[in-house]
Amino acid sequence: MKNKAQAVLAKSLSKRDAVISMFIIGLLFFIFGFVTWINAILIPYFKIACELNNFESYLVAFAFYIAYLVMSLPAAYILKRIGFKRGMMLGFWAMAIGAALFVPAGFGRIYPLFLTGLFTLGIGLAILQTAANPYITILGDKERAAQRFSIMGICNKLAGIIAPLLFAAVILKPTDNELFNQINLMQGLEKEQALDELIARVIVPYAVVSVVLLLLGFFVRYSPLPEIDTETEDEEILVSNAGKKSILDFPHLVLGSVAIFFHVGSQVIAVDSIINYVSETGVPFLEAKVFPSYTLTATIIGYLLGITLIPKLLSQLTALKICTVLGLIFSFFVIFLQGEISLFGHTTDVSVWFIVLLGFANSMIWAGVWPLALDNLGRFLKVGASLLIMALCGNAIMPLLYGYFADVYSLKLAYWVLVPCYVYLLYYAFYGHKVKRWTI
């Protein structure tokens, strides 16, 4: 059942206004995807240009996503105080500052300053995500929430396909494969100059991104996107939440936030690790750069199936269960299967393609968990949404664990970190979402 705010909003919006609102939110998710999934190429690029090991290179993901842990709850209070649209404008401006920090970092090849810029980008994105996701839940029937999340997911992952390829086209040259091989043989001043030239290529693209993000802040502030009231509840939810004092009194929300933590962590590992893993099998870097796009394309295929089948032929809960089972199966295939295979013009290890298929397995997990976790929160919706956004720090911690195990063992064996992620997601899909009170 919708809460009062959702019902009032649905009635006050015409069909045209609802379509415009969903278009704006879709645009936001495209931007989220563009800024987020570009990390898939930044990680191996910084690894070369800043001479990093696997663990150090995954600090890119850590710095970017740990901002969600730091900023999500403050973001909820910011939105409550100044409203959703002003809050989103503030988020865009924070992202613009983060992108601008890449300019001095590029001139000095200062990796910690790059990480500071990524952290600031993450802070802005945490505010935007905290605002945007409740819109998807509220702008329509709860039973079709997974369908709307799938549409937003397509916008996000489509940007994820474009961003690494566009970024690579801007900063990489046809001769870079030879350069990357020669850098390891260089010494002294010659090596420093080559690395400085390599890292300086990010300066102009991120300066442009900074200006665009600044302008987008003004756009969303003065857009026709409606403000929403999440502080009021209908009588039924008010009665059921009478004894609730905090979001910790909603077990299905808390368990759902843990599910989001493991989901996003496993998803970003599948996308951000694949270039290095494919390169390890002997594929040149300039060829390996396309594999994140394959993984995200598999995710989009899953979204399209979700839009087609949910809720007519498949419930969003059933889709969640199917995807979690597939995620666990594909993870074991990545770890245990090996053997050379030629596919789509690439000759590489067969396990690579199961990393790609993890994109499909991940497609309906976010869309399945989010509405289950936010069910009947009423006046706790904003803080509940911020708790789920906080769980995006899984994107920071899980890749770092993967990078550590990759250094200690191997890139292939490091994929064992995926197994506990999908085991927990199975638990939430089949049981955890039904827990409505804590029991001893």
# chains A, B, ... in the order shown; residues from 1 in each chain; ligands from 1
$ select_by_dssp --residues "segment 289-428 of chain A" --states "strand (DSSP E or B)" --output "list in words"
Glu340, Ile341, Ser342, Leu343, His346, Thr347, Thr348 and Asp349 of chain A
$ select_by_dssp --residues "segment 67-282 of chain A" --states "helix (DSSP H, G or I)" --output "count of residues only"
178
$ closest_residue --among "A:Ser410, A:Ser293, A:Asn133, A:Thr324" --to "Ile41 of chain A" --atoms "only C-alpha atoms"
A:Ser293
$ residues_around --residues "segment 258-262 of chain A" --least-positions-apart "6" --cutoff "6 Å" --atoms "only C-alpha atoms" --output "short mmCIF file (atom, residue, chain, number, x, y, z; two decimals) with N, CA and C atoms, in the first residue's frame"
data_model
loop_
_atom_site.label_atom_id
_atom_site.label_comp_id
_atom_site.auth_asym_id
_atom_site.auth_seq_id
_atom_site.Cartn_x
_atom_site.Cartn_y
_atom_site.Cartn_z
N ALA A 391 24.95 1.68 2.24
CA ALA A 391 25.44 0.33 1.96
C ALA A 391 26.21 0.26 0.66
N LEU A 392 26.14 1.31 -0.15
CA LEU A 392 26.94 1.33 -1.38
C LEU A 392 28.43 1.38 -1.08
N GLY A 394 29.83 -0.91 0.03
CA GLY A 394 30.27 -2.23 -0.42
C GLY A 394 31.10 -2.14 -1.68
N CYS A 421 29.08 -13.22 -0.85
CA CYS A 421 28.14 -12.16 -1.26
C CYS A 421 26.83 -12.78 -1.75
N LEU A 425 22.88 -12.94 -0.32
CA LEU A 425 21.79 -12.46 -1.17
C LEU A 425 20.71 -13.52 -1.34
#
$ closest_residue --among "A:Ile20, A:Ala200, A:Leu214, A:Val254" --to "Ile389 of chain A" --atoms "only C-alpha atoms"
A:Val254
$ atom_distance --atom1 "atom CA of Leu411 of chain A" --atom2 "atom CA of Lys191 of chain A"
26.9 Å
$ closest_residue --among "A:Trp37, A:Phe92, A:Tyr135, A:Tyr111" --to "Pro164 of chain A" --atoms "only C-alpha atoms"
A:Trp37
$ closest_residue --among "A:Tyr428, A:Tyr45, A:Tyr415, A:Phe62" --to "His263 of chain A" --atoms "only C-alpha atoms"
A:Tyr428
$ decode --residues "segment 60-76 of chain A" --atoms "C-alpha atoms" --output "mmCIF file, in the first residue's frame"
data_model
loop_
_atom_site.group_PDB
_atom_site.id
_atom_site.type_symbol
_atom_site.label_atom_id
_atom_site.label_comp_id
_atom_site.auth_asym_id
_atom_site.auth_seq_id
_atom_site.Cartn_x
_atom_site.Cartn_y
_atom_site.Cartn_z
ATOM 1 C CA VAL A 60 40.080 4.234 -6.763
ATOM 2 C CA ALA A 61 36.884 2.322 -6.002
ATOM 3 C CA PHE A 62 37.439 2.631 -2.244
ATOM 4 C CA ALA A 63 37.854 6.420 -2.275
ATOM 5 C CA PHE A 64 34.845 6.877 -4.547
ATOM 6 C CA TYR A 65 32.401 4.603 -2.736
ATOM 7 C CA ILE A 66 33.451 5.083 0.880
ATOM 8 C CA ALA A 67 31.902 8.533 0.507
ATOM 9 C CA TYR A 68 28.509 6.799 0.582
ATOM 10 C CA LEU A 69 29.235 5.517 4.086
ATOM 11 C CA VAL A 70 30.310 8.970 5.239
ATOM 12 C CA MET A 71 27.636 11.036 3.500
ATOM 13 C CA SER A 72 24.412 9.043 3.215
ATOM 14 C CA LEU A 73 22.872 9.864 6.608
ATOM 15 C CA PRO A 74 23.941 13.542 6.425
ATOM 16 C CA ALA A 75 22.417 13.563 2.922
ATOM 17 C CA ALA A 76 19.043 12.552 4.374
#
